[in-house]
There are 2 protein chains.
Amino acid sequence: MKLSQGVEWAVHCCLLLTHAEDGSAVPRTTLAGYYGLPDAYLAKHLKSLVRSGVLAATSGPRGGFRLARTPDGITVLDIVEAIEGSAPPFVCTEIRQRGACALPVERCERPCGVAQVMYDADRAWRDSLRGVTVAGLRDGLPDTLRERARTWIKDPSGPLPAFV
Amino acid sequence: MKLSQGVEWAVHCCLLLTHAEDGSAVPRTTLAGYYGLPDAYLAKHLKSLVRSGVLAATSGPRGGFRLARTPDGITVLDIVEAIEGSAPPFVCTEIRQRGACALPVERCERPCGVAQVMYDADRAWRDSLRGVTVAGLRDGLPDTLRERARTWIKDPSGPLPAFV
């Protein structure tokens with residue numbers, strides 16, 4: 001069981017976008033440059049974030065990406081589901097209805113107990129990710145990092161403030 | 001993110017083995033036949049369960065598989081980890097240390113905040129699976145199913161009790 005690398009990139013890009021001034025769009029190359037990500041491959045994940053309503057995209061010479069909602073309204077789960085989808089990782093194939101001791105379908109109205117345990121765990125995972133917003137992630141960053149992020153986003157060709 | 005089908009098979013087989021009389025080994029074909037599973041492919045997963053200490057295998061004409069511990073000592077997590085391993089699904093590639101705004105390594109002693117959120121969710125998932133034992137799963141089955149399971153395991157060629 002593996003999450004795609006896009007999850008790491010997407011959460012970091014949303015976190016970086018919390019440092020954009022209200023309403024200003026950040027070009028994809030600025031996002032990619034901050035973390036040294038391959039620009040073209042990042043595009044795919046940014047598109048998924050737009051499709052899911054986490055980001056909004058604007059085109060044109062001053063175009064780019066911004067958070068579609070305030071940072072306290074975007075959870076890590078929103079981002080993970082934008083990249084990975086929301087299907088549970090366990091797929092019940094109803095093996096209780098197969099084989100020599102198969103249960104008749106009318107005895108299978110309730111989900112299989114095994115599947116239920118897996119679904120409950122999946123819910124615990126999603127609840128945990130739903131409990132953290134990008135605002136919360138941003139507030140956990142040291143001030144010096146936040147200052148560097150703000151500076152980079154405003155002008156990636158200018159000098160960065162030193163670490164303090 | 002997907003769990004392998006082997007997880008479903010493995011949990012069901014362990015659940016079936018809770019119905020074996022103390023110490024008696026159940027042949028692989030008996031396990032496979034109960035759920036109509038492909039015998040040869042099930043073998044791989046049973047081997048993983050033995051390797052992880054969930055099942056014990058005995059060879060010979062009366063050989064087969066039995067639970068290596070009492071049913072209340074085997075959690076669903078034990079079984080899932082036997083099949084899937086225990087590596088967390090999120091892999092942090094430390095992108096905070098890359099790119100134009102890379103953090104120097106000496107500022108990365110604590111795990112990245114993004115990775116920490118993902119690890120916390122993984123812990124919630126594993127805690128949930130650790131909270132259910134195969135004894136608990138067994139106790140949730142209707143009596144009529146338990147009777148059929150016991151009968152099949154004792155003699156898969158004999159008649160099964162009817163559903164009541």
# chains A, B, ... in the order shown; residues from 1 in each chain; ligands from 1
>>> interface_residues(of="chain A", to="chain B", cutoff="6 Å", atoms="only C-alpha atoms", output="list of chain:residue names")
A:Met1, A:Lys2, A:Leu3, A:Gly33, A:Tyr34, A:Tyr35, A:Gly36, A:Pro89, A:Phe90, A:Ile95, A:Arg98, A:Gly99, A:Ala100, A:Cys101, A:Ala121, A:Ala124, A:Trp125, A:Ser128
>>> select_by_dssp(residues="region 10-113 of chain A", states="alpha helix (DSSP H)", output="VMD selection string")
chain A and resid 10 to 17 28 to 35 39 to 51 76 to 84 113
>>> atom_distance(atom1="CA of Phe65 (chain B)", atom2="CA of Leu49 (chain B)")
9.9 Å
>>> closest_residue(among="A:Ala162, A:Ala82, A:Leu42, A:Leu55", to="Ala25 (chain A)", atoms="only C-alpha atoms")
A:Leu55
>>> select_by_dssp(residues="region 10-159 of chain A", states="strand (DSSP E)", output="PyMOL selection string")
chain A and resi 55-58+64-67
>>> atom_distance(atom1="CA of Ile153 (chain B)", atom2="CA of Thr75 (chain B)")
21.9 Å
>>> atom_distance(atom1="CA of Asp155 (chain B)", atom2="CA of Val105 (chain A)")
24.7 Å
>>> residues_around(residues="Ala135 (chain A)", least_positions_apart="5", cutoff="8 Å", atoms="only C-alpha atoms", output="JSON, numbers by chain")
{"A": [15, 18, 71, 72, 74]}
